Every structure is written in structure tokens, then in C-alpha cells.
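*Asks:* Pasting upload09.pdb here (PDB, C-alpha atoms, pLDDT in the B column):
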```pdb
ATOM      1  CA  MET A   1     -58.332 -70.711-102.536  1.00 88.00           C
ATOM      2  CA  ARG A   2     -60.849 -72.226-100.164  1.00 92.00           C
ATOM      3  CA  VAL A   3     -61.831 -70.347 -97.001  1.00 96.00           C
ATOM      4  CA  ILE A   4     -63.127 -72.143 -93.908  1.00 97.00           C
ATOM      5  CA  ASP A   5     -64.899 -69.793 -91.483  1.00 97.00           C
ATOM      6  CA  TYR A   6     -64.894 -70.732 -87.795  1.00 98.00           C
ATOM      7  CA  PRO A   7     -67.280 -69.262 -85.192  1.00 97.00           C
ATOM      8  CA  ASP A   8     -64.374 -68.191 -82.958  1.00 98.00           C
ATOM      9  CA  LYS A   9     -60.620 -68.541 -82.445  1.00 97.00           C
ATOM     10  CA  GLU A  10     -60.943 -71.450 -80.015  1.00 97.00           C
ATOM     11  CA  LEU A  11     -62.824 -73.544 -82.551  1.00 98.00           C
ATOM     12  CA  LEU A  12     -60.330 -72.502 -85.220  1.00 98.00           C
ATOM     13  CA  ALA A  13     -57.463 -73.790 -83.076  1.00 98.00           C
ATOM     14  CA  LEU A  14     -59.268 -77.067 -82.435  1.00 98.00           C
ATOM     15  CA  GLY A  15     -60.353 -77.584 -86.028  1.00 98.00           C
ATOM     16  CA  LEU A  16     -57.068 -76.623 -87.626  1.00 98.00           C
ATOM     17  CA  ALA A  17     -55.041 -78.739 -85.179  1.00 98.00           C
ATOM     18  CA  ASP A  18     -57.267 -81.711 -86.012  1.00 98.00           C
ATOM     19  CA  THR A  19     -56.781 -81.124 -89.745  1.00 98.00           C
ATOM     20  CA  LEU A  20     -53.008 -80.840 -89.412  1.00 98.00           C
ATOM     21  CA  ALA A  21     -52.800 -83.949 -87.225  1.00 98.00           C
ATOM     22  CA  SER A  22     -54.834 -85.941 -89.733  1.00 98.00           C
ATOM     23  CA  GLU A  23     -52.635 -84.835 -92.627  1.00 98.00           C
ATOM     24  CA  LEU A  24     -49.440 -85.549 -90.696  1.00 98.00           C
ATOM     25  CA  ARG A  25     -50.660 -89.076 -89.969  1.00 98.00           C
ATOM     26  CA  MET A  26     -51.501 -89.625 -93.633  1.00 98.00           C
ATOM     27  CA  ALA A  27     -48.063 -88.389 -94.674  1.00 98.00           C
ATOM     28  CA  LEU A  28     -46.397 -90.678 -92.120  1.00 98.00           C
ATOM     29  CA  ASP A  29     -48.286 -93.619 -93.619  1.00 98.00           C
ATOM     30  CA  LEU A  30     -46.651 -92.839 -96.967  1.00 97.00           C
ATOM     31  CA  LYS A  31     -43.129 -91.770 -96.001  1.00 96.00           C
ATOM     32  CA  GLU A  32     -40.461 -92.596 -93.448  1.00 98.00           C
ATOM     33  CA  ARG A  33     -39.891 -88.920 -92.604  1.00 98.00           C
ATOM     34  CA  VAL A  34     -42.231 -85.941 -92.980  1.00 98.00           C
ATOM     35  CA  LEU A  35     -41.315 -82.262 -93.360  1.00 98.00           C
ATOM     36  CA  PHE A  36     -43.716 -79.950 -91.515  1.00 99.00           C
ATOM     37  CA  VAL A  37     -43.267 -76.191 -92.081  1.00 98.00           C
ATOM     38  CA  VAL A  38     -44.756 -73.835 -89.505  1.00 98.00           C
ATOM     39  CA  PRO A  39     -44.976 -70.049 -89.014  1.00 98.00           C
ATOM     40  CA  GLY A  40     -43.932 -67.810 -86.174  1.00 93.00           C
ATOM     41  CA  GLY A  41     -46.023 -65.002 -84.738  1.00 87.00           C
ATOM     42  CA  SER A  42     -48.778 -65.096 -82.130  1.00 87.00           C
ATOM     43  CA  THR A  43     -51.641 -66.449 -84.252  1.00 93.00           C
ATOM     44  CA  PRO A  44     -50.537 -70.112 -84.501  1.00 96.00           C
ATOM     45  CA  GLY A  45     -49.743 -70.462 -80.774  1.00 96.00           C
ATOM     46  CA  PRO A  46     -53.135 -71.915 -79.748  1.00 97.00           C
ATOM     47  CA  VAL A  47     -53.005 -74.289 -82.739  1.00 98.00           C
ATOM     48  CA  PHE A  48     -49.573 -75.487 -81.609  1.00 98.00           C
ATOM     49  CA  ASP A  49     -50.875 -76.018 -78.069  1.00 97.00           C
ATOM     50  CA  LYS A  50     -53.559 -78.370 -79.325  1.00 98.00           C
ATOM     51  CA  LEU A  51     -51.342 -80.122 -81.868  1.00 98.00           C
ATOM     52  CA  SER A  52     -48.519 -80.826 -79.421  1.00 98.00           C
ATOM     53  CA  ALA A  53     -50.868 -83.005 -77.363  1.00 97.00           C
ATOM     54  CA  VAL A  54     -51.710 -85.314 -80.284  1.00 98.00           C
ATOM     55  CA  ASP A  55     -50.209 -88.782 -79.961  1.00 98.00           C
ATOM     56  CA  MET A  56     -48.492 -89.878 -83.179  1.00 98.00           C
ATOM     57  CA  ASP A  57     -44.988 -90.867 -84.277  1.00 98.00           C
ATOM     58  CA  TRP A  58     -43.495 -87.399 -83.946  1.00 98.00           C
ATOM     59  CA  SER A  59     -39.995 -88.898 -84.018  1.00 98.00           C
ATOM     60  CA  ARG A  60     -40.377 -89.127 -87.806  1.00 98.00           C
ATOM     61  CA  VAL A  61     -41.439 -85.483 -88.188  1.00 98.00           C
ATOM     62  CA  THR A  62     -38.980 -82.694 -89.007  1.00 98.00           C
ATOM     63  CA  VAL A  63     -40.256 -79.242 -88.096  1.00 98.00           C
ATOM     64  CA  LEU A  64     -38.981 -76.271 -90.087  1.00 98.00           C
ATOM     65  CA  LEU A  65     -39.929 -72.615 -89.714  1.00 98.00           C
ATOM     66  CA  SER A  66     -41.179 -70.813 -92.798  1.00 98.00           C
ATOM     67  CA  ASP A  67     -39.021 -67.888 -91.690  1.00 98.00           C
ATOM     68  CA  GLU A  68     -36.972 -66.582 -88.810  1.00 97.00           C
ATOM     69  CA  ARG A  69     -35.697 -63.334 -87.392  1.00 97.00           C
ATOM     70  CA  TRP A  70     -31.902 -63.276 -87.135  1.00 96.00           C
ATOM     71  CA  VAL A  71     -31.880 -63.441 -83.334  1.00 96.00           C
ATOM     72  CA  PRO A  72     -30.737 -66.143 -80.867  1.00 95.00           C
ATOM     73  CA  LYS A  73     -33.179 -68.802 -79.721  1.00 93.00           C
ATOM     74  CA  ASP A  74     -33.580 -67.198 -76.289  1.00 93.00           C
ATOM     75  CA  HIS A  75     -34.534 -63.793 -77.749  1.00 95.00           C
ATOM     76  CA  PRO A  76     -38.163 -62.731 -77.043  1.00 93.00           C
ATOM     77  CA  ARG A  77     -38.806 -62.259 -80.785  1.00 95.00           C
ATOM     78  CA  SER A  78     -37.362 -65.607 -81.852  1.00 96.00           C
ATOM     79  CA  ASN A  79     -39.781 -67.772 -83.818  1.00 97.00           C
ATOM     80  CA  THR A  80     -37.690 -70.780 -82.806  1.00 97.00           C
ATOM     81  CA  ARG A  81     -38.383 -69.985 -79.165  1.00 96.00           C
ATOM     82  CA  LEU A  82     -42.124 -69.851 -79.839  1.00 95.00           C
ATOM     83  CA  VAL A  83     -42.121 -73.200 -81.630  1.00 97.00           C
ATOM     84  CA  CYS A  84     -40.052 -74.863 -78.905  1.00 97.00           C
ATOM     85  CA  GLU A  85     -42.350 -73.554 -76.166  1.00 96.00           C
ATOM     86  CA  ARG A  86     -45.698 -74.106 -77.865  1.00 97.00           C
ATOM     87  CA  LEU A  87     -45.268 -76.974 -80.367  1.00 98.00           C
ATOM     88  CA  LEU A  88     -42.189 -79.053 -79.513  1.00 98.00           C
ATOM     89  CA  THR A  89     -43.553 -80.115 -76.150  1.00 98.00           C
ATOM     90  CA  GLY A  90     -45.740 -82.976 -74.969  1.00 97.00           C
ATOM     91  CA  HIS A  91     -45.985 -85.716 -77.581  1.00 98.00           C
ATOM     92  CA  ALA A  92     -44.579 -83.388 -80.254  1.00 98.00           C
ATOM     93  CA  GLY A  93     -41.391 -83.006 -78.224  1.00 98.00           C
ATOM     94  CA  ALA A  94     -40.120 -86.104 -80.044  1.00 98.00           C
ATOM     95  CA  ALA A  95     -39.993 -84.212 -83.354  1.00 98.00           C
ATOM     96  CA  SER A  96     -36.718 -82.793 -84.662  1.00 98.00           C
ATOM     97  CA  MET A  97     -36.218 -79.214 -85.810  1.00 98.00           C
ATOM     98  CA  VAL A  98     -34.012 -77.479 -88.354  1.00 96.00           C
ATOM     99  CA  ALA A  99     -32.894 -74.177 -86.813  1.00 93.00           C
ATOM    100  CA  LEU A 100     -32.672 -71.086 -89.026  1.00 96.00           C
ATOM    101  CA  TYR A 101     -30.107 -69.357 -86.842  1.00 94.00           C
ATOM    102  CA  ALA A 102     -26.479 -70.169 -86.075  1.00 91.00           C
ATOM    103  CA  GLU A 103     -24.327 -68.387 -83.502  1.00 89.00           C
ATOM    104  CA  GLY A 104     -21.208 -66.872 -85.034  1.00 86.00           C
ATOM    105  CA  GLU A 105     -22.553 -66.951 -88.595  1.00 90.00           C
ATOM    106  CA  THR A 106     -24.065 -64.189 -90.710  1.00 93.00           C
ATOM    107  CA  PRO A 107     -27.440 -64.480 -92.484  1.00 95.00           C
ATOM    108  CA  ASP A 108     -25.813 -64.254 -95.907  1.00 92.00           C
ATOM    109  CA  ASP A 109     -23.281 -66.982 -95.073  1.00 91.00           C
ATOM    110  CA  ILE A 110     -25.740 -69.443 -93.553  1.00 93.00           C
ATOM    111  CA  THR A 111     -28.477 -69.467 -96.207  1.00 94.00           C
ATOM    112  CA  SER A 112     -26.649 -71.677 -98.703  1.00 93.00           C
ATOM    113  CA  LYS A 113     -25.519 -74.088 -95.953  1.00 94.00           C
ATOM    114  CA  LEU A 114     -29.013 -74.442 -94.559  1.00 95.00           C
ATOM    115  CA  GLY A 115     -30.445 -74.654 -98.059  1.00 96.00           C
ATOM    116  CA  GLU A 116     -28.288 -77.731 -98.674  1.00 96.00           C
ATOM    117  CA  VAL A 117     -29.738 -79.322 -95.530  1.00 96.00           C
ATOM    118  CA  ILE A 118     -33.343 -78.525 -96.445  1.00 98.00           C
ATOM    119  CA  ALA A 119     -33.305 -79.209-100.208  1.00 98.00           C
ATOM    120  CA  PRO A 120     -33.081 -83.041 -99.985  1.00 97.00           C
ATOM    121  CA  GLN A 121     -36.198 -83.052 -97.790  1.00 97.00           C
ATOM    122  CA  LEU A 122     -38.352 -81.138-100.278  1.00 98.00           C
ATOM    123  CA  PRO A 123     -41.115 -80.879-101.253  1.00 98.00           C
ATOM    124  CA  ILE A 124     -42.687 -79.810 -97.980  1.00 98.00           C
ATOM    125  CA  ASP A 125     -45.259 -82.401 -96.932  1.00 98.00           C
ATOM    126  CA  LEU A 126     -47.386 -80.077 -94.818  1.00 98.00           C
ATOM    127  CA  CYS A 127     -47.104 -76.291 -94.622  1.00 98.00           C
ATOM    128  CA  LEU A 128     -48.884 -73.889 -92.298  1.00 98.00           C
ATOM    129  CA  LEU A 129     -48.442 -70.163 -92.945  1.00 98.00           C
ATOM    130  CA  GLY A 130     -49.691 -66.942 -91.424  1.00 98.00           C
ATOM    131  CA  MET A 131     -50.308 -63.518 -92.942  1.00 97.00           C
ATOM    132  CA  GLY A 132     -49.949 -59.910 -91.781  1.00 96.00           C
ATOM    133  CA  THR A 133     -52.267 -57.009 -92.472  1.00 97.00           C
ATOM    134  CA  ASP A 134     -49.634 -55.787 -94.952  1.00 97.00           C
ATOM    135  CA  MET A 135     -50.221 -59.054 -96.890  1.00 98.00           C
ATOM    136  CA  HIS A 136     -46.803 -60.527 -96.102  1.00 98.00           C
ATOM    137  CA  THR A 137     -46.409 -64.247 -95.488  1.00 98.00           C
ATOM    138  CA  ALA A 138     -43.353 -65.957 -94.023  1.00 98.00           C
ATOM    139  CA  SER A 139     -40.844 -63.059 -94.194  1.00 97.00           C
ATOM    140  CA  LEU A 140     -41.842 -62.090 -97.724  1.00 98.00           C
ATOM    141  CA  PHE A 141     -42.655 -58.440 -96.988  1.00 98.00           C
ATOM    142  CA  PRO A 142     -43.946 -56.027 -99.653  1.00 97.00           C
ATOM    143  CA  GLY A 143     -41.134 -53.812-100.859  1.00 95.00           C
ATOM    144  CA  ALA A 144     -38.433 -55.556 -98.827  1.00 96.00           C
ATOM    145  CA  PRO A 145     -34.937 -55.718-100.330  1.00 95.00           C
ATOM    146  CA  GLY A 146     -34.556 -59.313-101.500  1.00 95.00           C
ATOM    147  CA  LEU A 147     -38.269 -59.883-102.195  1.00 97.00           C
ATOM    148  CA  ALA A 148     -37.915 -60.132-105.987  1.00 97.00           C
ATOM    149  CA  GLN A 149     -35.260 -62.816-105.659  1.00 97.00           C
ATOM    150  CA  ALA A 150     -37.270 -64.732-103.053  1.00 98.00           C
ATOM    151  CA  LEU A 151     -40.327 -64.774-105.341  1.00 98.00           C
ATOM    152  CA  ALA A 152     -38.406 -65.814-108.472  1.00 98.00           C
ATOM    153  CA  PRO A 153     -39.092 -69.297-109.888  1.00 97.00           C
ATOM    154  CA  ASP A 154     -35.404 -70.175-109.523  1.00 97.00           C
ATOM    155  CA  ALA A 155     -34.947 -68.630-106.077  1.00 98.00           C
ATOM    156  CA  PRO A 156     -32.684 -70.437-103.622  1.00 97.00           C
ATOM    157  CA  VAL A 157     -34.391 -72.452-100.911  1.00 98.00           C
ATOM    158  CA  LEU A 158     -33.607 -69.809 -98.272  1.00 97.00           C
ATOM    159  CA  ASN A 159     -33.407 -66.068 -98.802  1.00 97.00           C
ATOM    160  CA  VAL A 160     -32.221 -63.087 -96.772  1.00 97.00           C
ATOM    161  CA  LEU A 161     -34.684 -60.203 -96.547  1.00 97.00           C
ATOM    162  CA  ARG A 162     -34.200 -56.851 -94.869  1.00 96.00           C
ATOM    163  CA  PRO A 163     -37.634 -55.209 -94.455  1.00 94.00           C
ATOM    164  CA  ALA A 164     -37.181 -51.501 -93.770  1.00 91.00           C
ATOM    165  CA  ASP A 165     -39.935 -51.419 -91.138  1.00 89.00           C
ATOM    166  CA  GLN A 166     -38.672 -54.457 -89.212  1.00 90.00           C
ATOM    167  CA  PRO A 167     -35.916 -54.360 -86.571  1.00 92.00           C
ATOM    168  CA  GLU A 168     -34.229 -57.608 -87.625  1.00 94.00           C
ATOM    169  CA  VAL A 169     -32.851 -59.207 -90.755  1.00 96.00           C
ATOM    170  CA  ARG A 170     -35.011 -62.164 -91.803  1.00 96.00           C
ATOM    171  CA  LEU A 171     -34.444 -65.583 -93.341  1.00 97.00           C
ATOM    172  CA  SER A 172     -37.366 -66.938 -95.353  1.00 98.00           C
ATOM    173  CA  LEU A 173     -38.181 -69.927 -97.484  1.00 98.00           C
ATOM    174  CA  SER A 174     -38.729 -68.829-101.070  1.00 98.00           C
ATOM    175  CA  GLY A 175     -42.129 -68.443-102.668  1.00 98.00           C
ATOM    176  CA  HIS A 176     -41.788 -71.484-104.931  1.00 98.00           C
ATOM    177  CA  VAL A 177     -40.712 -73.727-102.029  1.00 98.00           C
ATOM    178  CA  LEU A 178     -43.757 -72.700 -99.994  1.00 98.00           C
ATOM    179  CA  LYS A 179     -46.108 -73.008-102.949  1.00 98.00           C
ATOM    180  CA  GLY A 180     -44.698 -76.432-103.764  1.00 98.00           C
ATOM    181  CA  ALA A 181     -45.928 -77.955-100.498  1.00 98.00           C
ATOM    182  CA  VAL A 182     -48.026 -81.090-100.886  1.00 98.00           C
ATOM    183  CA  SER A 183     -50.590 -79.553 -98.525  1.00 98.00           C
ATOM    184  CA  LEU A 184     -50.725 -75.834 -97.758  1.00 98.00           C
ATOM    185  CA  HIS A 185     -52.785 -74.053 -95.083  1.00 98.00           C
ATOM    186  CA  LEU A 186     -53.050 -70.367 -94.192  1.00 98.00           C
ATOM    187  CA  VAL A 187     -54.340 -69.260 -90.776  1.00 98.00           C
ATOM    188  CA  VAL A 188     -55.848 -65.770 -90.565  1.00 97.00           C
ATOM    189  CA  THR A 189     -57.673 -64.092 -87.685  1.00 97.00           C
ATOM    190  CA  GLY A 190     -59.439 -60.764 -87.321  1.00 97.00           C
ATOM    191  CA  ASP A 191     -61.429 -58.559 -89.662  1.00 97.00           C
ATOM    192  CA  ALA A 192     -58.405 -56.496 -90.714  1.00 98.00           C
ATOM    193  CA  LYS A 193     -56.554 -59.556 -91.956  1.00 97.00           C
ATOM    194  CA  ARG A 194     -59.672 -60.879 -93.700  1.00 97.00           C
ATOM    195  CA  ALA A 195     -59.919 -57.559 -95.569  1.00 98.00           C
ATOM    196  CA  ALA A 196     -56.227 -57.790 -96.460  1.00 98.00           C
ATOM    197  CA  LEU A 197     -56.715 -61.349 -97.698  1.00 97.00           C
ATOM    198  CA  ASN A 198     -59.568 -60.273 -99.942  1.00 97.00           C
ATOM    199  CA  LYS A 199     -57.469 -57.405-101.285  1.00 98.00           C
ATOM    200  CA  ALA A 200     -54.489 -59.679-101.959  1.00 98.00           C
ATOM    201  CA  GLN A 201     -56.475 -61.796-104.389  1.00 96.00           C
ATOM    202  CA  SER A 202     -56.433 -58.974-106.944  1.00 97.00           C
ATOM    203  CA  LEU A 203     -52.815 -57.902-106.480  1.00 98.00           C
ATOM    204  CA  PRO A 204     -49.520 -59.264-107.862  1.00 98.00           C
ATOM    205  CA  PRO A 205     -47.112 -60.989-105.428  1.00 98.00           C
ATOM    206  CA  ASP A 206     -44.640 -58.106-105.459  1.00 96.00           C
ATOM    207  CA  GLU A 207     -47.364 -55.954-103.875  1.00 98.00           C
ATOM    208  CA  ALA A 208     -49.069 -58.707-101.864  1.00 98.00           C
ATOM    209  CA  PRO A 209     -46.571 -61.564-101.340  1.00 98.00           C
ATOM    210  CA  VAL A 210     -49.255 -63.852 -99.898  1.00 98.00           C
ATOM    211  CA  ALA A 211     -50.809 -63.861-103.392  1.00 98.00           C
ATOM    212  CA  ALA A 212     -47.935 -66.123-104.471  1.00 97.00           C
ATOM    213  CA  ILE A 213     -49.428 -69.046-102.540  1.00 98.00           C
ATOM    214  CA  LEU A 214     -53.169 -68.314-102.423  1.00 97.00           C
ATOM    215  CA  ASN A 215     -54.207 -70.521-105.312  1.00 95.00           C
ATOM    216  CA  ARG A 216     -52.754 -73.521-103.460  1.00 95.00           C
ATOM    217  CA  ALA A 217     -53.883 -72.638 -99.954  1.00 97.00           C
ATOM    218  CA  GLN A 218     -56.752 -73.646 -97.753  1.00 98.00           C
ATOM    219  CA  VAL A 219     -57.520 -70.624 -95.570  1.00 98.00           C
ATOM    220  CA  HIS A 220     -58.698 -70.949 -91.966  1.00 98.00           C
ATOM    221  CA  TRP A 221     -60.286 -67.764 -90.603  1.00 98.00           C
ATOM    222  CA  ALA A 222     -62.001 -66.592 -87.444  1.00 98.00           C
ATOM    223  CA  ALA A 223     -62.794 -63.111 -86.205  1.00 96.00           C
TER
END
```
As C-alpha cells, please, write out the structure in this file.

*Replies:*
Amino acid sequence: MRVIDYPDKELLALGLADTLASELRMALDLKERVLFVVPGGSTPGPVFDKLSAVDMDWSRVTVLLSDERWVPKDHPRSNTRLVCERLLTGHAGAASMVALYAEGETPDDITSKLGEVIAPQLPIDLCLLGMGTDMHTASLFPGAPGLAQALAPDAPVLNVLRPADQPEVRLSLSGHVLKGAVSLHLVVTGDAKRAALNKAQSLPPDEAPVAAILNRAQVHWAA
């Protein structure tokens, strides 16, 4: 794990957006289509704002969330809504997106169908993840029903998790799919999350799920 410290959140957003844009361009030079996995939550919003303004061939980029709450796109807590409003605009509006929610379906029914759509596009070319103070990443929450399966080496591409302290059911890419990304970045802000990150390095993934990807990740941090 390599940690890059930024003087403030604004410079983090600028620097990380520049890094992601550079890596997307390199991937597009090598492949016809590129799979770009992104997180939800509030932390990546400023990064998305900067990245969406970058001029490149976004029409060959497929955007996929690392995880999603089982809510419609227009719900205030929808990660899809965040990505559409903050990333898939400007130049990046030409990118396509795989939605992790389907009206009229159930989470358990949709995971295998969506997994069949995602699997042929793997491995992930570029993956950006976030982390909570509880050391979760994507929707891999400590102690959540479904976590053990999602962290297993033979886990399905998509997994259903039902964290007891969260109001919605979650869909999440499995640990091995995230860890298998060609390039993997983790964005972390604030002293509390930095302390959690340091703690996670000495814990097993069942206690600190972010530990499952740390040895592959480049961490971007600002207070």
C-alpha cells in the first residue's frame, strides 16, 4: 500500500482526477473498451466533478459502481444518481453505465443476471474505492450477513449484503473482483478515516473488509 498525502481536499480532487484521467487514456490506448469502477458516497464527488470535464474518448468507457443501495435511481441515497449528476456529465456524459438496480426485480434475483453482464468485461481496468470509518469498502461491511461469501476467493461477481446498521439492502462487487483490478485507488479523507486505515492494516478482512484490497491499492488522503 502506497499513501499519497495531499495538502487539502481541493488538491486531492485535482491530483486524483489527473491520475485517473491519465490511466484511463493509457487503458484506451490498449483496449477498445475500458471498465471503470467507481464508488458512491460524498467523498468522490469533487473528484468526479474534475474528471467529467476531461476531454477523452469517453464513448469507449463503461462505468460501473463498486456497490449500490437497493433504491431507485431518483432516490436521494442512490449511488447511481450521484454518479449521473457528478461524473456522467460534460465530456464524460458519453460514457455508458451498468446499473445495479432494476425496477420490479429483487436483489437476490438480479445479482446473477448482472454478474453475467459484468463478467465478460473483467478484469476491471481502473478501480476507485472509498472507505468508511468502520473500515468497510464498497458495501463490504464488517459483520454484515453475506460478507464471508463476498470475500471468498470463488465469490460470485455480485453479492447481496444486508448490513444491520444500514437502512437498505446492498449489492456489491466481491472482494476478489475489486482486488483483481489492473489499477486500484482508494480515496480517504479526514483524520478519523486515516486512523481507521492504519488500524485496518493489522486486521483480517472479516473485521476490516478494506484490508482485502490494501496490498494492491494506492491510497489518496487529505485531512

*Asks:* With 8 Å as the threshold, what does the neighbourhood of (-40.6, -53.3, -97.3) contain in terms of residues, counting only C-alpha atoms? Coordinates are those of the file; answer as a PDB file with C-alpha atoms, in the frame of the given file.

*Replies:*
```pdb
ATOM      1  CA  PHE A 141     -42.655 -58.440 -96.988  1.00 98.00           C
ATOM      2  CA  PRO A 142     -43.946 -56.027 -99.653  1.00 97.00           C
ATOM      3  CA  GLY A 143     -41.134 -53.812-100.859  1.00 95.00           C
ATOM      4  CA  ALA A 144     -38.433 -55.556 -98.827  1.00 96.00           C
ATOM      5  CA  PRO A 145     -34.937 -55.718-100.330  1.00 95.00           C
ATOM      6  CA  ARG A 162     -34.200 -56.851 -94.869  1.00 96.00           C
ATOM      7  CA  PRO A 163     -37.634 -55.209 -94.455  1.00 94.00           C
ATOM      8  CA  ALA A 164     -37.181 -51.501 -93.770  1.00 91.00           C
ATOM      9  CA  ASP A 165     -39.935 -51.419 -91.138  1.00 89.00           C
TER      10      ASP A 165
END
```

*Asks:* Could you list, as a ChimeraX atom specification, every residue within 12 Å of Glu168 (chain A), counting all atoms listed in the file and ignoring same-chain residues fewer than 2 positions away?

*Replies:* /A:68-72,75,77-78,107,139,160-166,170-171

*Asks:* For each of A:Asp57, A:Gly40, A:Thr19, A:Val117, take the minimum atom-to-atom distance to Glu85 (chain A), counting all atoms listed in the file, then give the residue where this is smallest.

*Replies:*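 When distances to Glu85 (chain A) are compared using all atoms listed in the file, the smallest one comes from A:Gly40.
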
*Asks:* For this file, the PyMOL selection byres ((chain A and resi 131) around 12) selects which residues, as a ChimeraX atom specification?

*Replies:* /A:39-44,66,128-130,132-142,185-190,192-197,200,208-211,213-214,219-221

*Asks:* Keeping only C-alpha atoms, take the residues you just selected and write them out as a PDB file, keeping the file's coordinate frame.

*Replies:*
```
ATOM      1  CA  PRO A  39     -44.976 -70.049 -89.014  1.00 98.00           C
ATOM      2  CA  GLY A  40     -43.932 -67.810 -86.174  1.00 93.00           C
ATOM      3  CA  GLY A  41     -46.023 -65.002 -84.738  1.00 87.00           C
ATOM      4  CA  SER A  42     -48.778 -65.096 -82.130  1.00 87.00           C
ATOM      5  CA  THR A  43     -51.641 -66.449 -84.252  1.00 93.00           C
ATOM      6  CA  PRO A  44     -50.537 -70.112 -84.501  1.00 96.00           C
ATOM      7  CA  SER A  66     -41.179 -70.813 -92.798  1.00 98.00           C
ATOM      8  CA  LEU A 128     -48.884 -73.889 -92.298  1.00 98.00           C
ATOM      9  CA  LEU A 129     -48.442 -70.163 -92.945  1.00 98.00           C
ATOM     10  CA  GLY A 130     -49.691 -66.942 -91.424  1.00 98.00           C
ATOM     11  CA  GLY A 132     -49.949 -59.910 -91.781  1.00 96.00           C
ATOM     12  CA  THR A 133     -52.267 -57.009 -92.472  1.00 97.00           C
ATOM     13  CA  ASP A 134     -49.634 -55.787 -94.952  1.00 97.00           C
ATOM     14  CA  MET A 135     -50.221 -59.054 -96.890  1.00 98.00           C
ATOM     15  CA  HIS A 136     -46.803 -60.527 -96.102  1.00 98.00           C
ATOM     16  CA  THR A 137     -46.409 -64.247 -95.488  1.00 98.00           C
ATOM     17  CA  ALA A 138     -43.353 -65.957 -94.023  1.00 98.00           C
ATOM     18  CA  SER A 139     -40.844 -63.059 -94.194  1.00 97.00           C
ATOM     19  CA  LEU A 140     -41.842 -62.090 -97.724  1.00 98.00           C
ATOM     20  CA  PHE A 141     -42.655 -58.440 -96.988  1.00 98.00           C
ATOM     21  CA  PRO A 142     -43.946 -56.027 -99.653  1.00 97.00           C
ATOM     22  CA  HIS A 185     -52.785 -74.053 -95.083  1.00 98.00           C
ATOM     23  CA  LEU A 186     -53.050 -70.367 -94.192  1.00 98.00           C
ATOM     24  CA  VAL A 187     -54.340 -69.260 -90.776  1.00 98.00           C
ATOM     25  CA  VAL A 188     -55.848 -65.770 -90.565  1.00 97.00           C
ATOM     26  CA  THR A 189     -57.673 -64.092 -87.685  1.00 97.00           C
ATOM     27  CA  GLY A 190     -59.439 -60.764 -87.321  1.00 97.00           C
ATOM     28  CA  ALA A 192     -58.405 -56.496 -90.714  1.00 98.00           C
ATOM     29  CA  LYS A 193     -56.554 -59.556 -91.956  1.00 97.00           C
ATOM     30  CA  ARG A 194     -59.672 -60.879 -93.700  1.00 97.00           C
ATOM     31  CA  ALA A 195     -59.919 -57.559 -95.569  1.00 98.00           C
ATOM     32  CA  ALA A 196     -56.227 -57.790 -96.460  1.00 98.00           C
ATOM     33  CA  LEU A 197     -56.715 -61.349 -97.698  1.00 97.00           C
ATOM     34  CA  ALA A 200     -54.489 -59.679-101.959  1.00 98.00           C
ATOM     35  CA  ALA A 208     -49.069 -58.707-101.864  1.00 98.00           C
ATOM     36  CA  PRO A 209     -46.571 -61.564-101.340  1.00 98.00           C
ATOM     37  CA  VAL A 210     -49.255 -63.852 -99.898  1.00 98.00           C
ATOM     38  CA  ALA A 211     -50.809 -63.861-103.392  1.00 98.00           C
ATOM     39  CA  ILE A 213     -49.428 -69.046-102.540  1.00 98.00           C
ATOM     40  CA  LEU A 214     -53.169 -68.314-102.423  1.00 97.00           C
ATOM     41  CA  VAL A 219     -57.520 -70.624 -95.570  1.00 98.00           C
ATOM     42  CA  HIS A 220     -58.698 -70.949 -91.966  1.00 98.00           C
ATOM     43  CA  TRP A 221     -60.286 -67.764 -90.603  1.00 98.00           C
TER      44      TRP A 221
END
```

*Asks:* So how far away is CA of Val98 (chain A) from CA of Lys73 (chain A), in Å?

*Replies:* 12.3 Å

*Asks:* Please check which residues have atoms at most 8 Å from (-50.7, -81.9, -81.1) in the file's coordinates, counting only C-alpha atoms, and write them as a ChimeraX atom specification.

*Replies:* /A:17,21,48-55,87,90-92

*Asks:* With a distance cut-off of 7 Å and only C-alpha atoms, select the neighbouring residues of region 61-64 of chain A, excluding the residue or stretch itself and same-chain residues fewer than 5 positions from it, and output the selection as a list in words.

*Replies:* Arg33, Val34, Leu35, Phe36, Val37, Val38, Ala95, Ser96, Met97 and Val98 of chain A

*Asks:* Filtering to C-alpha atoms, could you give me those residues as a PDB file, in the coordinates of the input?

*Replies:*
```
ATOM      1  CA  ARG A  33     -39.891 -88.920 -92.604  1.00 98.00           C
ATOM      2  CA  VAL A  34     -42.231 -85.941 -92.980  1.00 98.00           C
ATOM      3  CA  LEU A  35     -41.315 -82.262 -93.360  1.00 98.00           C
ATOM      4  CA  PHE A  36     -43.716 -79.950 -91.515  1.00 99.00           C
ATOM      5  CA  VAL A  37     -43.267 -76.191 -92.081  1.00 98.00           C
ATOM      6  CA  VAL A  38     -44.756 -73.835 -89.505  1.00 98.00           C
ATOM      7  CA  ALA A  95     -39.993 -84.212 -83.354  1.00 98.00           C
ATOM      8  CA  SER A  96     -36.718 -82.793 -84.662  1.00 98.00           C
ATOM      9  CA  MET A  97     -36.218 -79.214 -85.810  1.00 98.00           C
ATOM     10  CA  VAL A  98     -34.012 -77.479 -88.354  1.00 96.00           C
TER      11      VAL A  98
END
```

*Asks:* Using all atoms listed in the file, which residue out of A:Leu12, A:Leu65, A:Ala148, A:Val182 lies closest to Leu24 (chain A)?

*Replies:*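 Selected residue with least distance to Leu24 (chain A): A:Val182.
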
*Asks:* Counting all atoms listed in the file, which of A:Asp191, A:Glu10, A:Asp206, A:Asp18 gets nearest to Gln149 (chain A)?

*Replies:*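 Nearest candidate to Gln149 (chain A) out of A:Asp191, A:Glu10, A:Asp206, A:Asp18: A:Asp206.
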